[in-house]
Structures are given as C-alpha cells and as structure tokens.
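Asker: Sending over a structure as structure tokens; questions will come in a sec.
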Number of protein chains: 2
Amino acid sequence: MDILAVARKAGVSTATVSRVLNASDKVRESTAARVRAAIAELNYRPNTNARSLRSGRSNLLGIIVSDIRNPFFPDLIEQFESLATQHGIDVTFANTGYNEQRLLAGVRRLLERGIDGLAIFTSEVSTAVIELLRSSTVPVVFLNQPSLAGEFRTVSVDYVRGFVEAIEHLRMLGHHRIGFVAGPPTLSSASRRRKAFLAAVKSCHMVLKDDWIFEGDHRLTGGRFAAERLFSMRQAPSAIVCSNDMTAIGFLETASRLGRRIPDEVSLIGFDDLFICEVVHPALTTLHLSRKEIATRAFYAIQSSRGEAIEAQISVVSPYLVPRASTGPAAKGSGRR
Amino acid sequence: MDILAVARKAGVSTATVSRVLNASDKVRESTAARVRAAIAELNYRPNTNARSLRSGRSNLLGIIVSDIRNPFFPDLIEQFESLATQHGIDVTFANTGYNEQRLLAGVRRLLERGIDGLAIFTSEVSTAVIELLRSSTVPVVFLNQPSLAGEFRTVSVDYVRGFVEAIEHLRMLGHHRIGFVAGPPTLSSASRRRKAFLAAVKSCHMVLKDDWIFEGDHRLTGGRFAAERLFSMRQAPSAIVCSNDMTAIGFLETASRLGRRIPDEVSLIGFDDLFICEVVHPALTTLHLSRKEIATRAFYAIQSSRGEAIEAQISVVSPYLVPRASTGPAAKGSGRR
DNA sequence: GTGAGAAATGTAATGCTTTACATTTGCGGA
DNA sequence: TCCGCAAATGTAAAGCATTACATTTCTCAC
C-alpha cells in the first residue's frame, strides 16, 4: 500500500499524490479531490520513515525531563504533547534521572532519530551536551539556562520576582525573620533558586542570618530535617520559604508530628504549586509556576524557528503568589527586635 | 556522512559496515575492528529513518496513557522508558485525557510511525481502536482489559485479591460495616474496581448495604462528597475502602475539616499507593499497586513477541496492603449488631 | 484560432540503509 | 598442490516518499 497504488487508482502520478498529501496549492481542486478519494478508499497512510528520510523533516519533537515522577514535569509534558498533537506532531522523550550521562545519551538518541526540535527541561547540562547540540542544526529550547541564552532559545523563570512577592506577603503579615530551605547545591536549578532568594531578601531590605538557611534536597526529607532544626533553635525565623513544594510539605509533616501549629508558630511558603498543595493540611501557600506557560513558550520557541536560522531568544515566566492557609500573621514577640 | 563514507574509509563494502552495525556474526573480527575504527573516526551515526524504512523495524515503542498528570502514569512511564533505554529503544507516547477520539488518533499516529510495539495504559478502549490494532501486526499490550485477553497480551490487576486483603485487615481490627467509595461508572477501570469490591465482600462473607456505596469520581471531590454524606448518616460504616487514593485523600481532607478523627471514628483505605499517601495526615493505609511491575511486564510482553507471532497472554499483578495510620480498631458500638 | 505564459502534472533522481544473492577468500584434507 | 566447502565479503535491488526539473495542459489576449 504505497503512494504508487494511490496514484494509479487516482490516475495521476506519485508526485501529484505527494503534493496533495503535503497540501501544496499547485494541484487543481478536482484532481486533489480524486486523489483524496483514492486515499480514503485504499485507506492509505504515508510511510513516516520514507517521508522523513527524503524530506529531512520528521514531524517529531523531543522532550527531555530530569524526573518524570516529579509532578512538575508531567504538567510540562502534557501541555507540550497537547500542543504538538494539535499541530499533528509526535513527541518522543527521555527521562534523565538528573544524570548527565543519561542526558547525553538521550540527546544523542533523539538527534539521531531526526527530531525537528528539542525541549530540554533539565537543570544539569554538561558541556558535552552543549557541543553535541551546537554541531546539530536542530532548534533547541532550554528551561532556566540563562547562561545559554546567548546561544539557544531559553525559557527562564524570574525567581527573584517570585521570592520578592513571597517576602512582601510575609512582611505584610508582620514577619521580619524569614528563613529559607534550599535545595541540593549540586542541582543548578536549586542553587539558582537559592541565589534568587538571597537577592530578593536584599532587594526587600530584610535581614537574613546564615543559620536561617537550611540545606535541603528538594524532597520531603529536606523539609523534615529543616523543621526539626528550626523548632529546636532559640532564635528561629517566624516564616520559612522553601525552594520547592516537596520541601515545604516535608516541613509541614514534621511540624505537625512535633505538635507545632502552622501558620500560628511558623508561616510556610512553598514553590511550584503542585496539586498536592491544596490537599495537605493546612493548604500550602506557594509560588505558582505555570507549567502550562513554560511548555507553551517552549513549544512555540522551537516551532517558530522551524526552517529559519536558529536565533537565540529568551522568554521569561514569572511565578506569582497563591496565598493559602500556611501563612498567617507573625506571632507576638517574633517581630523585629 | 553516510555508510558509504565509512565503508570507503574502512576499505570494505557498505554491506559489511551494515553487518558490523547490526552485530551480525558473519564478519571477521579484524574487519569488524577496522570498521569500528572508521565509525569512531568519522563519528558516524546510522540514519534512523533509512534504517527503519528498509528493515521495517523502528526501534521505537509507543506508550499511551489516559492522564499523565495522574501520578500513577508517570511511574508507569518511567519504568517503561527506563527498560526501553536499557535495550537501546526509544519511546514515544500519547496522552488521551480519557478521550476515545484522542486514543484512536494516538494509536493511528503511533502505528504510522512504525513503532515496534505498543503499550496501552488506558481504561477506555473503543472498538474502532481494537479494529485498527487487529489490522496491524504490531504487538500490543493492554492494561486491565481482561475481555481482550483472548486476543492481545494483557497485564491485569487482581483487584479482588487486593480488596480481600483490605477487608480482612479491617475485619481483624473489628470492623464489620465496610463502605466503598466508587469511581465514575463511565470509567471502566472504576467499574471494574467496584465489581471487584463487591465480589471481595461476598467472598469474605461480609454484609454490605446499598447506601454504604458512594459514587465518586476518582478525584478529591468524590471523596469529599462521600465524607460529607457518611458523617451525616445514622448508621454509617465504620470503615471505608476507596476506589483510588485521590478519593481517599479527599475523604481525609473533609473528615478533618469536619473535625472527625481518622482512624478513630472511621478507618480509611485507599488504592494505588501514590507517594502522597505518606504525606497526608494521617498517612493513608492503602493497597499498593506496583507500577514498576506492571510496566515491566508490559515491556517484556511486547518485547518477547518481537518477530514471533503475536500470541495472547495474560499476566496478573496483585496489589497488596500497606498498613499506615488511617486504619485502626473499630470504635466500640460499631461492631456487628 | 493562435500563441505566450502560467498552471498543472509527470518523470525520474534522490535520501540511506538493509539484505538476498553472487562472488571471493580461506582453510582443511587428500 | 589442488579441491571443495564454509566463511567472509561484495553487488545491487528494494524500501517509499519528496522534489528538481521537464513536459503537458490551460487560459486569456489578440
């Protein structure tokens, strides 16, 4: 069942069938109709591989994430896949588990498959990967790699702006001692968030003590550990901002285990706004980071560069505060001293 | 940079290069080494499309899920992708959003791409899809479609066994009135769970009243609603089993909002064992359904049928109880009357 | 009705690899 | 040394669609 069969049935050449298939406007409508009828009758579907081989276009986009089990990524994938499907494009993907080797292998595999574009939603990007991408002509978009913004398309999150909003929110509630639970320093997205938090504190003219910064791991454990530390401190912060929601939820959990009330004793703010935030008790105030927006921008960033020269471009997404029940007025005596 | 360049460099024909590439044993080791050297030197990568076009094998597997945002599915995908990667196979996927049209379109797209195998992890499967698959020769594996088990490979969950375990657990704790929050009747996986629960109740010789069965929707809302109903009943069940974790968590949430203590007033059991179960308070007792196992079996089900005739085959996965904090002894007076 | 130019369609090369079949090489035995 | 057979390698077709270029068919003006 190939294009020749269709051509014969419609009484035209394969070239004409191909033109109809590819919506070329150089075919008379009456001919096109005949061809379409033949296609329908034979239930013909063009062979994707032959198509890609010849045309150099695969109609396939690649997406790479660091951890598909982290609810952040499925949201990204869903929107990306949904847009692709709407455009008749398929998506193939790879999961790196934060592992650089797997990222490199994944990028290589996808490139070899001749994808038309690649979205890399991982925080760690080795130079080997960069070089590989440099040597290819496939449009690529990165998430949160400002350092690459001169060379590749990038979607970036304005962390500072988000944290400023969080801090202002806490300040309005009377908090002056705000701590931070960071993510693993090895994770570049985490260290970016940490830096952004420091910058936000500074720009809000707040005081920040070193021991108000807790090392976490972007998982429940990190939050749990931070909570234990915090509740045993003599001069503890009255509010905590976390590098991500998982951390905040771990914190919440331990606080409740220790019989500490949130937000009465400590106000808590997460980051990302995973759906769990509404489920935990108290519901978590957090900074909403729109996966839908990130994915949409990423999609169009590579989509628009189809064919054209790849031009670097940076697109900035701003998180915004979603106040829920885990933040409240600062307890008396915890104000500025 | 094609295979001819490599052949020339190595002083052999393209056929020999191809044989080396495909690990054929018909090449003398010394020749193979020369070819490999040429490949490395030229940094040659075979063209995937040409390969697939000619050989009919794409080294690509498809995976279709109903809702990638439901944490159940990323777990499945992760394991599936991880196994595929280990075997040097790529994965492409589609998300249906429980929509039959999208499922059909997705299956069609994937088949056209010439995938070597397809795992369909959705509950709704229309006859159109079945027919499409019937007319193709691609090995397919379904999740929980016992009715298709005669024709396709299937991985099935032994729901009854899981529910029996749950009911036995509750009985040991002194519960005799056990209710159930079902999923949406339109969702076949939900109605299967419902039927299995009824069967389990019967096989445990328990009594079940009609109004102990609540209609849910497999989301938080369903559980919330059920909790409100239950706590306003005169003769309420002392324990509730839910069709999935999300439902149970919604229940938990509302119970806590209403000031009802779990498990003191009502014991609660979920289904699936999403990671959130450990996070909510009290931690949710649930039936663990191993996504890893399901994905692994699905992968090998289609992998083993490569080339061979597609033989139907059913593989059964059993859920098991994970006791946590949401189940406890039946309150006095709630025993058998 | 004719011719020029535009529009439509056709021809055939091309993309790159795999593989059936043909040929050469190598080896062991006589 | 020579033969025969197995092993290794080579030749060339095939897989299917796209597309540059060539050819035919229209259309319209005169």
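Lettering and numbering for the structure tokens are positional, with chains as A, B, ... in the shown order, residues counted from 1 in each chain, and ligands counted from 1 in the shown order.
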Please identify all residues of chain A having at least one atom at most 8 Å from any atom of chain C, considering only C-alpha atoms (C1' of nucleotides), and return them as a list in words.
Answerer: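 That gives the following set of residues: Val12, Ser13, Ala15, Thr16, Lys26, Val27, Arg28, Leu53, Arg54 and Ser55 of chain A.
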Asker: Pick out the residues sitting within 12 Å of region 219-228 of chain A, and hand them over as a ChimeraX atom specification; count only C-alpha atoms (C1' of nucleotides), and ignore anything fewer than 5 positions along from it in its own chain.
Answerer: /A:69-70,179-184,190,211-214,233,236-237,239-262,265-270 /B:275-276,278-280
Asker: Go ahead and compute the interatomic distance for CA of His288 (chain B) and CA of Gly150 (chain B), in Å to one decimal.
Answerer: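 We find that CA of His288 (chain B) and CA of Gly150 (chain B) lie 27.1 Å from each other.
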Asker: Pull out every residue of chain B that has at least one atom within 6 Å of chain A, counting only C-alpha atoms, and report them as a PDB file with C-alpha atoms, in the first residue's frame.
Answerer:
```pdb
ATOM      1  CA  THR B  48      17.380   6.001  11.792  1.00  0.00           C
ATOM      2  CA  ASN B  49      14.807   6.670   9.136  1.00  0.00           C
ATOM      3  CA  ALA B  50      16.640   4.895   6.372  1.00  0.00           C
ATOM      4  CA  LEU B  53      12.380   2.241   6.143  1.00  0.00           C
ATOM      5  CA  ILE B  68      -0.133  11.780  32.552  1.00  0.00           C
ATOM      6  CA  ARG B  69      -0.887  14.168  35.387  1.00  0.00           C
ATOM      7  CA  PRO B  74       4.452   8.753  35.277  1.00  0.00           C
ATOM      8  CA  VAL B  91       9.758   5.607  23.392  1.00  0.00           C
ATOM      9  CA  THR B  92       7.118   7.867  22.009  1.00  0.00           C
ATOM     10  CA  ARG B 113       5.306   5.916  12.711  1.00  0.00           C
TER      11      ARG B 113
END
```
Asker: Write down as a PyMOL selection string the residues of region 181-333 of chain A whose backbone DSSP state falls under strand (DSSP E or B).
Answerer: chain A and resi 181+213-214+239-242+267-272+285-288+313-317+320-322
Asker: Write out, as a PDB file, in the first residue's frame, the residues just selected, with N, CA and C atoms.
Answerer:
```pdb
ATOM      1  N   VAL A 181      14.650  27.183  53.090  1.00  0.00           N
ATOM      2  CA  VAL A 181      15.143  25.813  52.967  1.00  0.00           C
ATOM      3  C   VAL A 181      15.541  25.604  51.518  1.00  0.00           C
ATOM      4  N   ILE A 213      19.252  29.702  56.946  1.00  0.00           N
ATOM      5  CA  ILE A 213      19.237  28.984  55.677  1.00  0.00           C
ATOM      6  C   ILE A 213      19.538  27.521  55.926  1.00  0.00           C
ATOM      7  N   PHE A 214      18.617  26.682  55.530  1.00  0.00           N
ATOM      8  CA  PHE A 214      18.767  25.246  55.771  1.00  0.00           C
ATOM      9  C   PHE A 214      19.067  24.548  54.450  1.00  0.00           C
ATOM     10  N   ALA A 239       9.050  32.752  59.746  1.00  0.00           N
ATOM     11  CA  ALA A 239       8.480  32.309  58.465  1.00  0.00           C
ATOM     12  C   ALA A 239       9.568  31.619  57.654  1.00  0.00           C
ATOM     13  N   ILE A 240       9.131  30.670  56.878  1.00  0.00           N
ATOM     14  CA  ILE A 240      10.074  29.895  56.073  1.00  0.00           C
ATOM     15  C   ILE A 240       9.594  29.863  54.623  1.00  0.00           C
ATOM     16  N   VAL A 241      10.541  30.129  53.735  1.00  0.00           N
ATOM     17  CA  VAL A 241      10.258  29.962  52.319  1.00  0.00           C
ATOM     18  C   VAL A 241      11.040  28.729  51.873  1.00  0.00           C
ATOM     19  N   CYS A 242      10.409  27.899  51.094  1.00  0.00           N
ATOM     20  CA  CYS A 242      11.103  26.687  50.665  1.00  0.00           C
ATOM     21  C   CYS A 242      11.423  26.738  49.178  1.00  0.00           C
ATOM     22  N   SER A 267       5.072  30.542  59.667  1.00  0.00           N
ATOM     23  CA  SER A 267       4.414  30.607  58.362  1.00  0.00           C
ATOM     24  C   SER A 267       5.294  29.901  57.347  1.00  0.00           C
ATOM     25  N   LEU A 268       4.654  29.330  56.345  1.00  0.00           N
ATOM     26  CA  LEU A 268       5.405  28.490  55.419  1.00  0.00           C
ATOM     27  C   LEU A 268       4.976  28.758  53.975  1.00  0.00           C
ATOM     28  N   ILE A 269       5.960  28.920  53.114  1.00  0.00           N
ATOM     29  CA  ILE A 269       5.658  29.142  51.700  1.00  0.00           C
ATOM     30  C   ILE A 269       6.449  28.155  50.845  1.00  0.00           C
ATOM     31  N   GLY A 270       5.759  27.540  49.926  1.00  0.00           N
ATOM     32  CA  GLY A 270       6.421  26.600  49.024  1.00  0.00           C
ATOM     33  C   GLY A 270       6.742  27.245  47.689  1.00  0.00           C
ATOM     34  N   PHE A 271       7.100  26.400  46.730  1.00  0.00           N
ATOM     35  CA  PHE A 271       7.411  26.911  45.400  1.00  0.00           C
ATOM     36  C   PHE A 271       7.065  25.852  44.371  1.00  0.00           C
ATOM     37  N   ASP A 272       6.306  26.243  43.396  1.00  0.00           N
ATOM     38  CA  ASP A 272       5.901  25.427  42.239  1.00  0.00           C
ATOM     39  C   ASP A 272       4.380  25.368  42.091  1.00  0.00           C
ATOM     40  N   THR A 285       0.493  27.751  51.154  1.00  0.00           N
ATOM     41  CA  THR A 285       0.733  28.975  50.397  1.00  0.00           C
ATOM     42  C   THR A 285       1.982  28.727  49.561  1.00  0.00           C
ATOM     43  N   THR A 286       1.953  29.125  48.320  1.00  0.00           N
ATOM     44  CA  THR A 286       3.100  28.799  47.485  1.00  0.00           C
ATOM     45  C   THR A 286       3.240  29.768  46.327  1.00  0.00           C
ATOM     46  N   LEU A 287       4.358  29.666  45.643  1.00  0.00           N
ATOM     47  CA  LEU A 287       4.554  30.479  44.444  1.00  0.00           C
ATOM     48  C   LEU A 287       4.179  29.629  43.245  1.00  0.00           C
ATOM     49  N   HIS A 288       3.203  30.082  42.538  1.00  0.00           N
ATOM     50  CA  HIS A 288       2.738  29.308  41.397  1.00  0.00           C
ATOM     51  C   HIS A 288       3.659  29.516  40.202  1.00  0.00           C
ATOM     52  N   GLN A 313      17.067  33.437  21.980  1.00  0.00           N
ATOM     53  CA  GLN A 313      15.918  34.239  22.376  1.00  0.00           C
ATOM     54  C   GLN A 313      15.600  33.824  23.798  1.00  0.00           C
ATOM     55  N   ILE A 314      15.263  34.764  24.625  1.00  0.00           N
ATOM     56  CA  ILE A 314      14.934  34.381  25.989  1.00  0.00           C
ATOM     57  C   ILE A 314      13.517  34.822  26.306  1.00  0.00           C
ATOM     58  N   SER A 315      12.823  33.948  26.986  1.00  0.00           N
ATOM     59  CA  SER A 315      11.434  34.213  27.298  1.00  0.00           C
ATOM     60  C   SER A 315      11.287  34.040  28.804  1.00  0.00           C
ATOM     61  N   VAL A 316      10.746  35.027  29.465  1.00  0.00           N
ATOM     62  CA  VAL A 316      10.730  34.977  30.926  1.00  0.00           C
ATOM     63  C   VAL A 316       9.327  34.735  31.488  1.00  0.00           C
ATOM     64  N   VAL A 317       9.237  33.772  32.361  1.00  0.00           N
ATOM     65  CA  VAL A 317       7.969  33.457  33.009  1.00  0.00           C
ATOM     66  C   VAL A 317       8.067  33.880  34.475  1.00  0.00           C
ATOM     67  N   TYR A 320       3.926  33.593  40.626  1.00  0.00           N
ATOM     68  CA  TYR A 320       3.157  34.535  41.448  1.00  0.00           C
ATOM     69  C   TYR A 320       2.623  33.816  42.681  1.00  0.00           C
ATOM     70  N   LEU A 321       2.383  34.588  43.709  1.00  0.00           N
ATOM     71  CA  LEU A 321       1.998  34.011  44.993  1.00  0.00           C
ATOM     72  C   LEU A 321       0.547  33.530  44.981  1.00  0.00           C
ATOM     73  N   VAL A 322       0.350  32.349  45.548  1.00  0.00           N
ATOM     74  CA  VAL A 322      -1.009  31.850  45.759  1.00  0.00           C
ATOM     75  C   VAL A 322      -1.180  31.678  47.265  1.00  0.00           C
TER      76      VAL A 322
END
```
Asker: For a test of reading the model, state the distance in Å between CA of Lys292 (chain B) and CA of Ala119 (chain B), rounded to one decimal.
Answerer: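 Pair CA of Lys292 (chain B) / CA of Ala119 (chain B) returns 14.0 Å.
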Asker: Quote the spacing between CA of Gln145 (chain A) and CA of Phe163 (chain A) in Å to one decimal place.
Answerer: 18.7 Å
